[in-house]
file data.txt (compact mmCIF, C-alpha atoms and all ligand atoms)
# COMPACT_ATOMS: atom_id res chain seq x y z
CA MET A 257 133.46 102.00 101.57
CA LEU A 258 132.31 102.43 105.20
CA ASP A 259 134.99 102.75 107.91
CA ASN A 260 135.22 99.92 110.44
CA LYS A 261 133.88 100.59 113.91
CA LYS A 262 136.69 101.30 116.36
CA ALA A 263 137.08 99.79 119.83
CA ILE A 264 139.58 100.00 122.65
CA VAL A 265 140.06 96.93 124.84
CA THR A 266 141.98 97.71 128.02
CA GLY A 267 143.57 94.56 129.39
CA GLY A 268 143.24 92.99 125.94
CA CYS A 269 146.18 90.64 126.60
CA GLY A 270 144.44 89.09 129.61
CA PHE A 271 141.96 86.24 129.90
CA ILE A 272 138.65 88.00 129.25
CA GLY A 273 140.18 90.83 127.21
CA SER A 274 141.85 88.55 124.67
CA HIS A 275 138.57 86.71 124.04
CA MET A 276 136.86 90.08 123.64
CA VAL A 277 139.50 91.02 121.04
CA ASP A 278 138.84 87.74 119.17
CA ARG A 279 135.16 88.57 119.02
CA LEU A 280 135.60 92.19 117.94
CA ILE A 281 138.12 91.29 115.23
CA SER A 282 135.74 88.61 113.94
CA GLU A 283 133.01 91.28 113.75
CA GLY A 284 135.24 93.59 111.67
CA TYR A 285 136.24 96.14 114.31
CA ASP A 286 139.51 98.05 114.37
CA VAL A 287 140.80 97.22 117.84
CA THR A 288 143.37 99.02 119.98
CA VAL A 289 144.58 97.11 123.03
CA LEU A 290 145.99 99.03 126.00
CA ASP A 291 147.83 96.67 128.34
CA ASN A 292 150.89 96.91 130.57
CA LEU A 293 151.48 93.13 130.38
CA SER A 294 151.60 92.86 134.18
CA SER A 295 149.57 89.65 134.12
CA GLY A 296 148.55 89.49 130.45
CA ARG A 297 150.58 87.90 127.67
CA LEU A 298 151.15 88.86 124.04
CA GLN A 299 150.78 85.15 123.21
CA ASN A 300 147.07 85.48 124.00
CA LEU A 301 146.75 87.58 120.82
CA GLU A 302 149.33 85.67 118.74
CA GLN A 303 146.58 84.54 116.34
CA HIS A 304 146.08 88.16 115.19
CA LYS A 305 149.73 89.14 114.87
CA ASN A 306 149.54 89.94 111.13
CA ASN A 307 146.11 91.54 111.34
CA LYS A 308 146.25 95.22 110.45
CA ASN A 309 142.99 95.79 112.35
CA LEU A 310 144.71 95.15 115.69
CA LYS A 311 147.08 97.56 117.40
CA ILE A 312 148.66 96.61 120.74
CA ILE A 313 149.99 99.45 122.89
CA GLU A 314 152.05 98.49 125.93
CA ILE A 315 151.10 101.13 128.47
CA ASP A 316 149.76 101.51 131.99
CA ILE A 317 146.14 102.70 131.95
CA SER A 318 146.79 105.00 134.93
CA ASP A 319 148.98 107.12 132.59
CA LEU A 320 146.24 109.49 131.39
CA GLU A 321 148.62 111.68 129.36
CA GLY A 322 149.96 108.57 127.61
CA ILE A 323 146.63 106.86 126.87
CA LYS A 324 144.41 109.76 125.91
CA LYS A 325 145.54 110.13 122.28
CA HIS A 326 144.41 106.56 121.59
CA PHE A 327 140.77 107.40 122.39
CA ASN A 328 140.21 109.82 119.50
CA GLY A 329 137.63 108.43 117.06
CA ILE A 330 136.82 105.40 119.25
CA ASP A 331 133.20 104.16 119.22
CA VAL A 332 133.32 101.87 122.25
CA VAL A 333 135.68 101.08 125.14
CA TYR A 334 135.74 97.67 126.79
CA HIS A 335 137.48 98.22 130.12
CA LEU A 336 138.94 94.89 131.23
CA ALA A 337 142.35 95.92 132.59
CA ALA A 338 142.64 95.29 136.30
CA LEU A 339 144.60 93.54 138.97
CA ALA A 340 142.05 90.86 139.70
CA ASP A 341 143.55 88.52 142.32
CA ILE A 342 142.03 89.47 145.64
CA VAL A 343 144.49 88.17 148.23
CA PRO A 344 147.59 90.03 146.93
CA SER A 345 145.59 93.27 147.07
CA ILE A 346 145.80 93.02 150.85
CA VAL A 347 149.59 93.04 150.88
CA ASN A 348 150.01 95.44 147.95
CA PRO A 349 147.09 97.89 148.15
CA LEU A 350 148.81 100.85 146.45
CA ASN A 351 149.54 98.86 143.30
CA TYR A 352 145.93 97.74 143.17
CA TYR A 353 144.68 101.27 143.78
CA LYS A 354 146.85 102.54 140.90
CA SER A 355 145.55 99.99 138.38
CA ASN A 356 141.98 99.58 139.51
CA VAL A 357 141.01 103.02 140.81
CA THR A 358 143.39 105.55 139.21
CA GLY A 359 143.47 103.40 136.04
CA THR A 360 139.68 103.19 135.74
CA THR A 361 139.36 106.93 136.38
CA ALA A 362 141.93 107.64 133.66
CA VAL A 363 140.08 105.39 131.19
CA VAL A 364 136.79 107.15 131.94
CA GLU A 365 138.42 110.59 131.69
CA ALA A 366 140.19 109.76 128.41
CA SER A 367 136.82 108.54 127.07
CA ARG A 368 135.10 111.73 128.21
CA LEU A 369 137.75 113.96 126.61
CA ALA A 370 137.40 112.10 123.31
CA ASN A 371 133.61 112.06 123.49
CA VAL A 372 133.41 108.25 123.41
CA LYS A 373 129.75 107.25 123.60
CA LYS A 374 129.99 103.87 125.33
CA ILE A 375 132.17 102.23 127.98
CA ILE A 376 131.59 98.62 129.00
CA TYR A 377 133.21 97.57 132.25
CA ALA A 378 133.56 94.13 133.82
CA ALA A 379 133.76 94.29 137.57
CA SER A 380 133.96 91.49 140.09
CA SER A 381 131.24 89.63 141.94
CA SER A 382 133.52 90.01 145.00
CA CYS A 383 131.67 93.28 145.70
CA TYR A 384 128.72 91.16 146.86
CA GLY A 385 130.82 89.44 149.56
CA ILE A 386 129.30 86.03 150.33
CA PRO A 387 125.94 86.50 148.65
CA ASP A 388 122.63 85.06 149.81
CA VAL A 389 121.49 84.14 146.31
CA PHE A 390 123.16 82.19 143.50
CA PRO A 391 123.36 83.07 140.69
CA THR A 392 123.71 86.55 142.20
CA PRO A 393 121.70 89.30 140.48
CA GLU A 394 123.31 92.71 139.84
CA SER A 395 120.67 94.19 142.15
CA ALA A 396 122.07 92.27 145.17
CA GLU A 397 123.34 94.28 148.11
CA ILE A 398 126.94 95.52 147.74
CA ARG A 399 128.63 93.89 150.70
CA PRO A 400 132.41 93.61 150.40
CA PRO A 401 134.16 91.95 153.36
CA ILE A 402 135.17 94.70 155.76
CA SER A 403 137.22 92.87 158.36
CA LEU A 404 140.86 92.37 157.40
CA ARG A 405 143.40 90.70 159.61
CA PHE A 406 146.99 91.91 159.43
CA ASN A 407 149.55 89.54 160.90
N1 LIG B 501 138.20 85.87 135.06
C1 LIG B 501 137.03 85.86 135.69
O1 LIG B 501 136.45 84.79 135.98
C2 LIG B 501 136.33 87.16 136.04
C3 LIG B 501 135.03 87.08 136.55
C4 LIG B 501 134.38 88.27 136.85
C5 LIG B 501 134.99 89.49 136.64
N2 LIG B 501 136.26 89.53 136.17
C6 LIG B 501 136.85 90.86 135.99
O2 LIG B 501 137.19 91.06 134.61
C7 LIG B 501 138.38 91.84 134.53
C8 LIG B 501 139.44 91.07 133.72
O3 LIG B 501 139.71 89.84 134.36
P1 LIG B 501 140.68 88.74 133.72
O4 LIG B 501 140.33 87.44 134.35
O5 LIG B 501 140.67 88.85 132.22
O6 LIG B 501 142.09 89.21 134.32
P2 LIG B 501 143.56 89.08 133.66
O7 LIG B 501 144.55 89.27 134.77
O8 LIG B 501 143.65 87.85 132.82
O9 LIG B 501 143.61 90.33 132.68
C9 LIG B 501 143.79 91.63 133.13
C10 LIG B 501 144.65 92.36 132.10
O10 LIG B 501 144.82 93.71 132.52
C11 LIG B 501 146.20 94.07 132.36
N3 LIG B 501 146.46 95.14 133.34
C12 LIG B 501 146.42 95.07 134.69
N4 LIG B 501 146.72 96.27 135.23
C13 LIG B 501 146.94 97.11 134.18
C14 LIG B 501 147.29 98.48 134.10
N5 LIG B 501 147.48 99.24 135.18
N6 LIG B 501 147.44 99.03 132.87
C15 LIG B 501 147.26 98.29 131.77
N7 LIG B 501 146.93 96.97 131.78
C16 LIG B 501 146.77 96.40 132.98
C17 LIG B 501 146.98 92.80 132.61
O11 LIG B 501 148.28 92.81 132.05
C18 LIG B 501 146.07 91.76 131.94
O12 LIG B 501 146.36 91.63 130.57
C19 LIG B 501 138.80 92.14 135.98
O13 LIG B 501 138.25 93.38 136.37
C20 LIG B 501 138.14 91.00 136.76
O14 LIG B 501 137.91 91.36 138.12
C21 LIG B 501 136.92 88.40 135.85
call {"tool": "encode", "arguments": {"input": "data.txt", "output": "structure tokens"}}
result
Amino acid sequence: MLDNKKAIVTGGCGFIGSHMVDRLISEGYDVTVLDNLSSGRLQNLEQHKNNKNLKIIEIDISDLEGIKKHFNGIDVVYHLAALADIVPSIVNPLNYYKSNVTGTTAVVEASRLANVKKIIYAASSSCYGIPDVFPTPESAEIRPPISLRFN
């Protein structure tokens, strides 16, 4: 019998991640979710709770030493863990940096160390600022808002 394909979904307890898990499980993947449950909920994956093809690890993705063992033998990484609300990032930038920058770097590094062949990453259209064209193509100019007002 052939082994199942193996995927990691970071942020798998969140909105997009949990739907990604549904899809991968329905396609026969073994799925490992890495999520610190900061905004995600275990209830989002309740429907798979007795499924032996799903493993949920509660961990912060910025913890490279902690996450890296989970990447061995993985075929594909879907990187969907992030702090996504924009306004709170202005008052709590270090938290956002840890999850979104250090966390993404750790996921990429853990993938590199384990020789994972594919990482799929969902970013935010906020990088285009207020775009000139809708729907906005990926080739649009990167134009995040640069003026912040601190009161
Ligand atoms: N929802 C949208 O409409 C939308 C649109 C475009 C892009 N995106 C992007 O897709 C990604 C996922 O968005 P979402 O709407 O599913 O967000 P979400 O908040 O529902 O899910 C994010 C998940 O990541 C987890 N998480 C956050 N920081 C973590 C950390 N340091 N370690 C481990 N887990 C962590 C949270 O607990 C949560 O389960 C984000 O990058 C977001 O910017 C979302």
call {"tool": "residues_near_ligand", "arguments": {"input": "data.txt", "ligand": "ligand LIG 501 (chain B)", "cutoff": "8 Å", "atoms": "all atoms listed in the file", "output": "PyMOL selection string"}}
result
chain A and resi 266-274+290-297+314-318+335-341+354-356+359+377-381
call {"tool": "write_last_selection", "arguments": {"input": "data.txt", "atoms": "C-alpha atoms", "output": "short mmCIF file (atom, residue, chain, number, x, y, z; two decimals), in the frame of the given file"}}
result
data_model
loop_
_atom_site.label_atom_id
_atom_site.label_comp_id
_atom_site.auth_asym_id
_atom_site.auth_seq_id
_atom_site.Cartn_x
_atom_site.Cartn_y
_atom_site.Cartn_z
CA THR A 266 141.98 97.71 128.02
CA GLY A 267 143.57 94.56 129.39
CA GLY A 268 143.24 92.99 125.94
CA CYS A 269 146.18 90.64 126.60
CA GLY A 270 144.44 89.09 129.61
CA PHE A 271 141.96 86.24 129.90
CA ILE A 272 138.65 88.00 129.25
CA GLY A 273 140.18 90.83 127.21
CA SER A 274 141.85 88.55 124.67
CA LEU A 290 145.99 99.03 126.00
CA ASP A 291 147.83 96.67 128.34
CA ASN A 292 150.89 96.91 130.57
CA LEU A 293 151.48 93.13 130.38
CA SER A 294 151.60 92.86 134.18
CA SER A 295 149.57 89.65 134.12
CA GLY A 296 148.55 89.49 130.45
CA ARG A 297 150.58 87.90 127.67
CA GLU A 314 152.05 98.49 125.93
CA ILE A 315 151.10 101.13 128.47
CA ASP A 316 149.76 101.51 131.99
CA ILE A 317 146.14 102.70 131.95
CA SER A 318 146.79 105.00 134.93
CA HIS A 335 137.48 98.22 130.12
CA LEU A 336 138.94 94.89 131.23
CA ALA A 337 142.35 95.92 132.59
CA ALA A 338 142.64 95.29 136.30
CA LEU A 339 144.60 93.54 138.97
CA ALA A 340 142.05 90.86 139.70
CA ASP A 341 143.55 88.52 142.32
CA LYS A 354 146.85 102.54 140.90
CA SER A 355 145.55 99.99 138.38
CA ASN A 356 141.98 99.58 139.51
CA GLY A 359 143.47 103.40 136.04
CA TYR A 377 133.21 97.57 132.25
CA ALA A 378 133.56 94.13 133.82
CA ALA A 379 133.76 94.29 137.57
CA SER A 380 133.96 91.49 140.09
CA SER A 381 131.24 89.63 141.94
#
call {"tool": "atom_distance", "arguments": {"input": "data.txt", "atom1": "CA of Gly322 in chain A", "atom2": "CA of Leu369 in chain A"}}
result
13.4 Å
call {"tool": "closest_residue", "arguments": {"input": "data.txt", "among": "A:Ile375, A:Val389, A:Ala263, A:Ala396", "to": "Val363 in chain A", "atoms": "only C-alpha atoms"}}
result
A:Ile375
call {"tool": "atom_distance", "arguments": {"input": "data.txt", "atom1": "CA of Ile313 in chain A", "atom2": "CA of Tyr353 in chain A"}}
result
21.6 Å
call {"tool": "residues_around", "arguments": {"input": "data.txt", "residues": "Leu280 in chain A", "least_positions_apart": "4", "cutoff": "10 Å", "atoms": "only C-alpha atoms", "output": "list in words"}}
result
Lys261, Lys262, Ala263, Ile264, Val265, Ser274, His275, Met276, Gly284, Tyr285, Asp286, Val287, Asn309 and Leu310 of chain A
call {"tool": "residues_around", "arguments": {"input": "data.txt", "residues": "Pro401 in chain A", "least_positions_apart": "5", "cutoff": "10 Å", "atoms": "all atoms listed in the file", "output": "MDAnalysis selection string"}}
result
chainID A and resid 382:386
call {"tool": "atom_distance", "arguments": {"input": "data.txt", "atom1": "CA of Asn371 in chain A", "atom2": "CA of Asn260 in chain A"}}
result
17.9 Å
